[in-house]
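What follows is final-v1.txt (compact mmCIF, C-alpha atoms).
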# COMPACT_ATOMS: atom_id res chain seq x y z
CA MET D 10 0.00 0.00 0.00
CA ILE D 11 1.37 3.40 -1.01
CA GLN D 12 1.45 5.82 1.91
CA GLN D 13 -0.17 9.20 1.25
CA LYS D 14 2.33 12.05 1.11
CA CYS D 15 1.98 14.92 3.57
CA ALA D 16 2.67 18.62 3.05
CA LEU D 17 2.70 21.60 5.40
CA VAL D 18 1.85 25.05 4.02
CA CYS D 19 2.87 27.96 6.27
CA GLY D 20 1.03 31.16 5.45
CA ALA D 21 -1.91 29.12 4.16
CA ALA D 22 -4.31 32.07 4.46
CA GLY D 23 -2.17 34.18 2.17
CA PHE D 24 -2.43 34.58 -1.58
CA ILE D 25 0.28 32.13 -2.65
CA GLY D 26 -0.23 29.78 0.28
CA SER D 27 -3.95 29.30 -0.34
CA HIS D 28 -3.30 28.49 -4.01
CA MET D 29 -0.56 26.05 -3.03
CA VAL D 30 -2.94 24.19 -0.71
CA LYS D 31 -5.39 23.72 -3.60
CA ARG D 32 -2.67 22.46 -5.93
CA LEU D 33 -1.30 19.95 -3.41
CA LYS D 34 -4.78 18.62 -2.66
CA LYS D 35 -5.32 18.05 -6.40
CA GLU D 36 -2.11 16.02 -6.41
CA GLY D 37 -3.43 13.78 -3.64
CA PHE D 38 -1.42 15.12 -0.70
CA TRP D 39 -2.67 15.23 2.86
CA VAL D 40 -2.23 18.95 3.60
CA ARG D 41 -2.02 20.94 6.80
CA GLY D 42 -2.32 24.70 6.59
CA VAL D 43 -1.18 27.09 9.31
CA ASP D 44 -1.62 30.84 9.59
CA LEU D 45 -2.84 33.62 11.87
CA LYS D 46 -6.27 33.43 10.25
CA HIS D 47 -8.31 31.57 7.64
CA PRO D 48 -8.18 32.58 3.94
CA GLU D 49 -10.21 35.68 3.17
CA PHE D 50 -11.66 34.86 -0.23
CA SER D 51 -12.39 31.12 -0.19
CA GLU D 52 -12.51 28.30 2.32
CA SER D 53 -9.26 26.40 2.68
CA THR D 54 -9.18 22.93 1.16
CA ALA D 55 -6.55 21.77 3.66
CA ASP D 56 -7.25 18.51 5.51
CA ASP D 57 -6.20 20.15 8.74
CA TYR D 58 -5.91 23.86 9.53
CA LEU D 59 -4.10 25.34 12.50
CA VAL D 60 -4.71 28.96 13.45
CA GLY D 61 -1.60 30.15 15.21
CA ASP D 62 1.32 32.58 15.24
CA LEU D 63 4.48 31.07 13.74
CA ARG D 64 6.58 33.58 15.67
CA ASP D 65 5.79 31.27 18.61
CA PRO D 66 8.08 28.18 18.68
CA ASP D 67 5.29 26.14 20.28
CA VAL D 68 3.00 26.79 17.31
CA CYS D 69 5.76 25.70 14.93
CA ASN D 70 6.31 22.51 16.93
CA ARG D 71 2.56 21.77 16.98
CA SER D 72 2.45 22.30 13.22
CA LEU D 73 5.17 19.68 12.83
CA ASP D 74 3.73 16.87 14.92
CA ARG D 75 4.67 14.43 12.15
CA THR D 76 7.25 14.18 9.40
CA PHE D 77 6.16 16.07 6.30
CA ASP D 78 7.38 15.18 2.82
CA GLU D 79 7.26 18.84 1.76
CA VAL D 80 7.10 22.10 3.73
CA TYR D 81 6.25 25.39 2.02
CA GLN D 82 7.21 28.48 4.01
CA PHE D 83 5.28 31.49 2.66
CA ALA D 84 4.46 33.13 6.00
CA ALA D 85 5.83 36.68 6.28
CA ASP D 86 4.94 40.22 7.27
CA MET D 87 4.68 41.85 3.86
CA GLY D 88 2.73 43.96 1.38
CA GLY D 89 3.10 46.12 -1.68
CA ALA D 90 5.13 49.32 -2.08
CA GLY D 91 2.72 51.28 0.11
CA PHE D 92 3.57 48.96 3.00
CA VAL D 93 7.22 48.06 2.36
CA PHE D 94 8.78 51.36 1.25
CA THR D 95 7.30 53.92 3.65
CA GLY D 96 9.79 53.06 6.42
CA GLU D 97 6.96 52.86 8.96
CA ASN D 98 6.84 49.05 9.07
CA ASP D 99 10.54 48.14 8.89
CA ALA D 100 10.96 46.86 12.44
CA ALA D 101 7.84 44.69 12.25
CA ILE D 102 8.77 43.33 8.82
CA MET D 103 12.27 42.34 9.91
CA HIS D 104 11.40 41.03 13.37
CA ASN D 105 8.25 39.11 12.50
CA SER D 106 9.51 37.43 9.34
CA ALA D 107 12.91 36.57 10.82
CA MET D 108 11.27 35.01 13.89
CA ILE D 109 9.00 32.87 11.69
CA ASN D 110 11.93 31.57 9.66
CA LEU D 111 14.15 30.92 12.67
CA ASN D 112 11.41 28.95 14.40
CA MET D 113 10.21 27.01 11.36
CA LEU D 114 13.66 25.86 10.30
CA GLU D 115 14.54 24.60 13.76
CA SER D 116 11.20 22.81 14.15
CA CYS D 117 11.63 21.18 10.74
CA ARG D 118 15.12 20.03 11.69
CA LYS D 119 13.96 18.54 14.99
CA ASN D 120 11.00 16.77 13.38
CA ASN D 121 12.87 15.39 10.35
CA SER D 122 10.84 17.41 7.84
CA ASN D 123 13.89 18.17 5.76
CA ARG D 124 12.51 19.29 2.39
CA ILE D 125 11.47 22.92 2.82
CA PHE D 126 10.80 25.68 0.31
CA PHE D 127 11.41 29.31 1.31
CA SER D 128 9.75 32.15 -0.58
CA SER D 129 12.39 34.82 -0.97
CA SER D 130 12.00 37.91 -3.13
CA ALA D 131 13.49 39.90 -5.99
CA CYS D 132 13.87 42.62 -3.37
CA VAL D 133 17.15 40.97 -2.34
CA TYR D 134 18.85 42.33 -5.47
CA PRO D 135 21.07 45.43 -5.18
CA SER D 136 19.43 48.76 -5.84
CA TYR D 137 22.55 49.91 -7.73
CA ASN D 138 21.79 47.35 -10.45
CA GLN D 139 18.22 48.56 -10.87
CA MET D 140 18.58 52.28 -11.53
CA ASP D 141 17.97 52.06 -15.29
CA PRO D 142 14.33 51.12 -16.03
CA ASP D 143 15.35 49.61 -19.38
CA THR D 144 18.30 47.40 -18.36
CA PRO D 145 17.99 46.17 -14.76
CA ASN D 146 20.25 43.31 -13.68
CA CYS D 147 18.57 40.62 -11.56
CA SER D 148 20.67 37.58 -12.38
CA GLU D 149 21.05 35.29 -9.36
CA ASP D 150 24.81 35.87 -9.11
CA SER D 151 24.38 39.66 -8.93
CA VAL D 152 22.97 39.62 -5.39
CA TYR D 153 26.36 40.50 -3.81
CA PRO D 154 27.77 42.99 -2.88
CA ALA D 155 24.44 43.31 -1.11
CA SER D 156 22.43 46.52 -1.21
CA PRO D 157 18.68 45.77 -1.17
CA ASP D 158 16.36 48.75 -1.57
CA SER D 159 14.39 48.02 1.62
CA ASP D 160 14.56 46.32 5.00
CA TYR D 161 12.11 43.79 3.57
CA GLY D 162 14.85 42.86 1.09
CA TRP D 163 17.48 42.71 3.83
CA GLU D 164 15.34 40.32 5.90
CA LYS D 165 14.81 38.07 2.87
CA LEU D 166 18.56 38.04 2.24
CA PHE D 167 19.30 37.18 5.87
CA SER D 168 16.74 34.38 5.76
CA GLU D 169 18.24 33.01 2.55
CA ARG D 170 21.57 32.72 4.34
CA LEU D 171 19.85 31.11 7.32
CA TYR D 172 18.24 28.43 5.14
CA LEU D 173 21.48 27.77 3.29
CA ALA D 174 23.31 27.39 6.62
CA TYR D 175 20.83 24.66 7.61
CA TYR D 176 21.42 23.05 4.21
CA ARG D 177 25.20 23.00 4.77
CA ASP D 178 25.26 22.09 8.46
CA TYR D 179 22.32 19.68 8.71
CA GLY D 180 21.87 18.39 5.17
CA MET D 181 18.33 19.72 4.89
CA ALA D 182 16.83 19.84 1.40
CA VAL D 183 16.39 23.60 1.38
CA ARG D 184 14.97 25.20 -1.77
CA ILE D 185 14.79 28.99 -2.29
CA GLY D 186 12.73 30.85 -4.88
CA ARG D 187 13.13 34.58 -5.47
CA TYR D 188 9.63 35.72 -6.40
CA HIS D 189 9.03 38.58 -8.82
CA ASN D 190 5.66 40.27 -8.22
CA ILE D 191 3.17 37.41 -8.07
CA TYR D 192 -0.43 38.38 -8.92
CA GLY D 193 -3.79 36.86 -9.74
CA PRO D 194 -7.28 36.10 -8.36
CA GLU D 195 -7.72 35.81 -4.59
CA GLY D 196 -4.92 38.25 -3.88
CA THR D 197 -5.27 41.31 -1.65
CA TRP D 198 -6.80 44.14 -3.70
CA ASP D 199 -7.51 46.86 -1.12
CA GLY D 200 -6.43 48.10 2.29
CA GLY D 201 -2.82 49.21 1.78
CA ARG D 202 -0.98 45.89 1.35
CA GLU D 203 -2.08 45.22 -2.23
CA LYS D 204 0.43 45.20 -5.09
CA VAL D 205 0.27 47.28 -8.23
CA PRO D 206 -1.64 44.88 -10.56
CA ALA D 207 -4.50 44.59 -8.06
CA ALA D 208 -4.40 48.29 -7.19
CA LEU D 209 -4.66 49.31 -10.85
CA CYS D 210 -7.54 46.90 -11.44
CA ARG D 211 -9.38 48.33 -8.44
CA LYS D 212 -8.79 51.91 -9.55
CA VAL D 213 -10.00 51.26 -13.10
CA VAL D 214 -13.14 49.49 -11.86
CA ARG D 215 -13.98 52.33 -9.49
CA ALA D 216 -13.13 55.24 -11.82
CA SER D 217 -15.91 57.36 -13.33
CA ASP D 218 -16.34 57.23 -17.09
CA GLY D 219 -13.82 59.59 -18.66
CA GLY D 220 -12.19 60.09 -15.25
CA GLU D 221 -8.67 59.52 -13.98
CA ILE D 222 -6.68 57.07 -11.88
CA GLU D 223 -3.68 57.86 -9.72
CA VAL D 224 -0.23 56.40 -10.37
CA TRP D 225 2.72 56.89 -8.02
CA GLY D 226 5.70 58.70 -9.52
CA ASP D 227 6.01 59.26 -13.26
CA GLY D 228 4.89 55.71 -14.01
CA LYS D 229 8.01 54.98 -16.06
CA GLN D 230 9.43 52.59 -13.47
CA THR D 231 9.48 49.03 -14.85
CA ARG D 232 8.60 45.64 -13.38
CA SER D 233 7.67 42.13 -14.47
CA PHE D 234 4.68 40.26 -13.05
CA LEU D 235 4.11 36.50 -12.70
CA PHE D 236 0.65 34.93 -12.71
CA ILE D 237 -0.13 32.76 -9.69
CA ASP D 238 -0.56 29.48 -11.64
CA ASP D 239 2.93 29.84 -13.13
CA CYS D 240 4.30 30.68 -9.69
CA ILE D 241 2.85 27.53 -8.15
CA GLU D 242 4.22 25.34 -10.95
CA GLY D 243 7.71 26.86 -10.69
CA THR D 244 7.67 26.53 -6.91
CA ILE D 245 6.73 22.86 -6.96
CA ARG D 246 9.34 22.04 -9.58
CA LEU D 247 12.04 23.77 -7.55
CA THR D 248 10.95 22.16 -4.28
CA ARG D 249 11.13 18.65 -5.77
CA SER D 250 14.43 19.27 -7.53
CA GLN D 251 17.97 18.70 -6.27
CA ILE D 252 18.83 22.41 -6.58
CA ALA D 253 19.80 24.28 -3.41
CA THR D 254 20.86 27.41 -5.32
CA PRO D 255 18.36 30.30 -5.00
CA LEU D 256 16.51 30.75 -8.31
CA ASN D 257 14.34 33.49 -9.78
CA ILE D 258 10.67 32.61 -10.15
CA GLY D 259 9.29 35.37 -12.33
CA SER D 260 8.42 36.57 -15.80
CA GLU D 261 10.76 38.31 -18.25
CA GLU D 262 7.83 40.28 -19.74
CA MET D 263 8.95 43.69 -18.43
CA ILE D 264 6.52 46.60 -18.56
CA SER D 265 6.29 50.15 -17.18
CA ILE D 266 3.58 50.99 -14.66
CA ASN D 267 2.04 53.43 -17.17
CA GLU D 268 1.91 50.63 -19.75
CA LEU D 269 0.42 48.23 -17.19
CA ALA D 270 -2.33 50.77 -16.50
CA GLY D 271 -2.95 50.86 -20.24
CA VAL D 272 -3.28 47.07 -20.32
CA VAL D 273 -5.89 47.18 -17.55
CA MET D 274 -7.85 49.93 -19.31
CA GLU D 275 -7.78 47.93 -22.55
CA ILE D 276 -9.09 44.85 -20.72
CA ALA D 277 -11.85 46.94 -19.15
CA GLY D 278 -12.67 48.73 -22.42
CA ARG D 279 -12.26 52.12 -20.75
CA LYS D 280 -10.37 55.32 -21.56
CA LEU D 281 -9.07 57.05 -18.47
CA THR D 282 -6.42 59.65 -17.69
CA LEU D 283 -3.37 58.90 -15.56
CA LYS D 284 -2.71 61.32 -12.72
CA HIS D 285 0.85 61.04 -11.42
CA ILE D 286 1.25 61.72 -7.72
CA PRO D 287 4.07 61.35 -5.15
CA GLY D 288 4.33 57.91 -3.55
CA PRO D 289 6.76 55.14 -2.53
CA LEU D 290 8.38 53.63 -5.63
CA GLY D 291 11.17 51.19 -4.88
CA VAL D 292 13.83 50.66 -7.55
CA ARG D 293 13.60 52.27 -10.98
CA GLY D 294 13.62 49.02 -12.93
CA ARG D 295 13.29 45.32 -12.12
CA ASN D 296 12.87 42.28 -14.35
CA SER D 297 13.31 38.58 -13.71
CA ASP D 298 16.36 36.98 -15.31
CA ASN D 299 15.19 33.46 -16.14
CA LYS D 300 18.34 32.11 -17.79
CA LEU D 301 19.39 30.00 -14.81
CA VAL D 302 15.94 28.66 -13.92
CA LYS D 303 15.39 27.60 -17.55
CA GLU D 304 18.74 25.80 -17.58
CA MET D 305 18.37 24.11 -14.20
CA LEU D 306 14.62 23.41 -14.03
CA GLY D 307 13.41 23.68 -17.60
CA TRP D 308 10.71 26.03 -16.30
CA GLU D 309 9.31 29.19 -17.87
CA PRO D 310 5.96 31.00 -17.50
CA LEU D 311 3.11 29.94 -19.77
CA ILE D 312 0.56 32.70 -19.07
CA SER D 313 1.07 36.10 -20.72
CA LEU D 314 0.65 39.31 -18.76
CA LYS D 315 -2.47 40.29 -20.71
CA GLU D 316 -4.11 36.90 -20.13
CA GLY D 317 -3.27 36.89 -16.44
CA MET D 318 -4.36 40.49 -15.94
CA GLY D 319 -7.63 39.69 -17.71
CA LYS D 320 -8.39 36.93 -15.21
CA THR D 321 -7.34 39.15 -12.33
CA TYR D 322 -9.45 42.10 -13.48
CA VAL D 323 -12.59 39.98 -13.80
CA TRP D 324 -12.10 38.59 -10.30
CA ILE D 325 -11.45 42.00 -8.68
CA ALA D 326 -14.40 43.58 -10.49
CA GLU D 327 -16.62 40.85 -9.02
CA GLN D 328 -15.21 41.42 -5.52
CA ILE D 329 -15.97 45.12 -5.80
CA ARG D 330 -19.49 44.38 -7.04
CA LYS D 331 -20.11 42.14 -4.04
CA THR D 332 -18.63 44.68 -1.62
CA ASP D 333 -20.72 47.53 -3.04
CA ALA D 334 -23.87 45.39 -2.87
CA LEU D 335 -23.28 44.77 0.84
CA THR D 336 -22.84 48.47 1.61
CA LYS D 337 -26.03 49.61 -0.12
Is it possible to express this structure as structure tokens?
Amino acid sequence: MIQQKCALVCGAAGFIGSHMVKRLKKEGFWVRGVDLKHPEFSESTADDYLVGDLRDPDVCNRSLDRTFDEVYQFAADMGGAGFVFTGENDAAIMHNSAMINLNMLESCRKNNSNRIFFSSSACVYPSYNQMDPDTPNCSEDSVYPASPDSDYGWEKLFSERLYLAYYRDYGMAVRIGRYHNIYGPEGTWDGGREKVPAALCRKVVRASDGGEIEVWGDGKQTRSFLFIDDCIEGTIRLTRSQIATPLNIGSEEMISINELAGVVMEIAGRKLTLKHIPGPLGVRGRNSDNKLVKEMLGWEPLISLKEGMGKTYVWIAEQIRKTDALTK
């Protein structure tokens, strides 16, 4: 009799974590989710769900009451530019996320759950390589000399080193993915922690006909965005590989924020004016360099930005419709 595989998803109420739970269940895993709360937009499909604070070592130990074949560590104190780059949340970001990673790694080691994926970020890359919006450098080997653009990036870089130390010293099968702006349905779209794809969709939905939407800065800063389904596929491939080297998980389809706003307006069939206002921006340009991940994993995104944004826009428009109906 083949024993059912078990997976633990930390941050299971979050955007990526909730999607990962669904994917693992489809693959036949027994899944435990753990987070501070339950998912906001749909009921978790996890077999077991623990509500608890992973900054607490006891919660981590209770989460790992058995040996798990795969552990996915998505839990973090995070948000979009409006949360990360204001400087008002730096201490919480660094303390909370570092505590989660310190506790989870040690609990995994003690409980022989040795295959663990850590969700790092493109924010680890040096700001000095991302000043030109047209030619940013985010190849994996460019991460040092270190100079992330935020304390969020510094914490991710510290945690990468922490995971790799456990790989070297204890032989744990640590896998690290550097995410580049993951988006899609069931992601945060309001409240201050949302990222730019969701924020632009919300603004376009709510704008008056012939009106305007606000964009921070001049809108010429560039980014690439990866649809959630591609993210989950890349994450699983990396987790089950033999590759301990941190790898980018992102799209190479770079676009300016002004152009992204244009894509959303085209999807919505609306003509609106962009109003540029002061706001936190991050680096001037950022784009995933997928050369290494293609070579080592044979992975590349399948969903174009326009297709993914179309799915995201439809979902956010429906959320706004439901919200407005409740407030009438």
May I have a table of the residues of stretch 219-325 of chain D lying at most 9 Å from stretch 91-112 of chain D, giving each one's closest pair of atoms and their distance in Å to one decimal, counting only C-alpha atoms, ordered by chain and ascending residue number, as JSON lines?
{"residue": "D:Gly288", "atom": "CA", "partner": "D:Gly91", "partner_atom": "CA", "distance": 7.7}
{"residue": "D:Pro289", "atom": "CA", "partner": "D:Phe94", "partner_atom": "CA", "distance": 5.7}
{"residue": "D:Leu290", "atom": "CA", "partner": "D:Phe94", "partner_atom": "CA", "distance": 7.3}
{"residue": "D:Gly291", "atom": "CA", "partner": "D:Phe94", "partner_atom": "CA", "distance": 6.6}
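In this model, the gap between atom CA of D:Ile185 and atom CA of D:Phe126 comes to 5.8 Å.
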- Task: Taking the point (-7.2, 43.8, -1.1) as given in the file, collect each protein or nucleic acid residue that comes within 12 Å of it, counting only C-alpha atoms, and present the set as a ChimeraX atom specification.
- Result: /D:23-24,49-50,88-89,192-212,324-326,328-329,332
- Item | Best match for closeness to D:Arg295 among D:Arg71, D:Lys331, D:His189, D:Arg177, counting only C-alpha atoms |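 Going through D:Arg71, D:Lys331, D:His189, D:Arg177 one by one, the smallest distance to D:Arg295 is for D:His189.
Here atom CA of D:Ser72 stands at a distance of 17.5 Å from atom CA of D:Pro48.
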- What is the distance, in Å and to one decimal place, between atom CA of D:His285 and atom CA of D:Asp227? 5.8 Å
- Identify, on the basis of only C-alpha atoms, every residue whose closest approach to stretch 299-308 of chain D does not exceed 8 Å; exclude the query and any residue fewer than 3 positions from it along the same chain; express the result as a count of residues only. 13
- Place a sphere of radius 9 Å on (21.5, 25.0, -4.4) in the file coordinates and name every protein, DNA or RNA residue with an atom inside or on its surface, counting all atoms listed in the file; give the answer as a PyMOL selection string. chain D and resi 173+176+183-185+251-256
- Query: Any idea what's packed within 8 Å of D:Phe38, counting all atoms listed in the file, ignoring anything in its chain fewer than 6 positions away? Could you give it as a list in words?
  - Reply: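 Non-adjacent residues within range: Gln13, Lys14, Cys15 and Ala16 of chain D.
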Go ahead and write the selection's residues with C-alpha atoms as a short mmCIF file (atom, residue, chain, number, x, y, z; two decimals), keeping the file's coordinate frame.
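Okay, this is what ended up in selection.cif:
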data_model
loop_
_atom_site.label_atom_id
_atom_site.label_comp_id
_atom_site.auth_asym_id
_atom_site.auth_seq_id
_atom_site.Cartn_x
_atom_site.Cartn_y
_atom_site.Cartn_z
CA GLN D 13 -0.17 9.20 1.25
CA LYS D 14 2.33 12.05 1.11
CA CYS D 15 1.98 14.92 3.57
CA ALA D 16 2.67 18.62 3.05
#
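Using all atoms listed in the file, the shortest contact distance between D:Asp67 and any of D:Ala277, D:Lys35, D:Met113, D:Leu335 is found at D:Met113.
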Find the smallest box with edges along x, y and z containing every listed atom of stretch 290-302 of chain D, then add 3 Å on each side and report centre and edge lengths in Å to one decimal, as AutoDock Vina command-line options.
--center_x 13.9 --center_y 41.1 --center_z -11.3 --size_x 17.0 --size_y 31.0 --size_z 18.9
- Rank nothing, just name the residue among D:Leu114, D:Val133, D:Val224, D:Lys229 nearest to D:Tyr172, using only C-alpha atoms. D:Leu114
- Query: Which one is closest to D:Met263: D:Ile286, D:Leu311, D:Gly319, D:Asn190? Count only C-alpha atoms.
  - Reply: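 Comparing D:Ile286, D:Leu311, D:Gly319, D:Asn190 against D:Met263, the winner is D:Asn190.
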- Contacts of D:Phe83 within 12 Å, all atoms listed in the file, excl. fewer than 6 positions in-chain, as JSON, numbers by chain: {"D": [17, 18, 19, 20, 21, 22, 23, 24, 25, 26, 27, 28, 29, 30, 42, 43, 44, 63, 106, 109, 110, 113, 125, 126, 127, 128, 129, 130, 165, 185, 186, 187, 188, 241, 244]}
- Task: Mind checking which residues fall within 8 Å of stretch 139-146 of chain D, counting all atoms listed in the file, ignoring those fewer than 2 positions away in the same chain, and posting them as a list in words?
- Result: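 Selected residues are Pro135, Ser136, Tyr137, Ser148, Ser151, Lys229, Gln230, Thr231, Val292, Arg293, Gly294, Arg295, Asn296 and Asp298 of chain D.
Among the candidates D:Arg232, D:Arg215, D:Arg118, D:Lys315, the residue lying nearest to D:Val273 is D:Lys315 (atoms considered: all atoms listed in the file).
Shortest atom-to-atom contact with D:Glu316 among D:Asp74, D:Asp57, D:Glu268, D:Asp238: D:Asp238, counting all atoms listed in the file.
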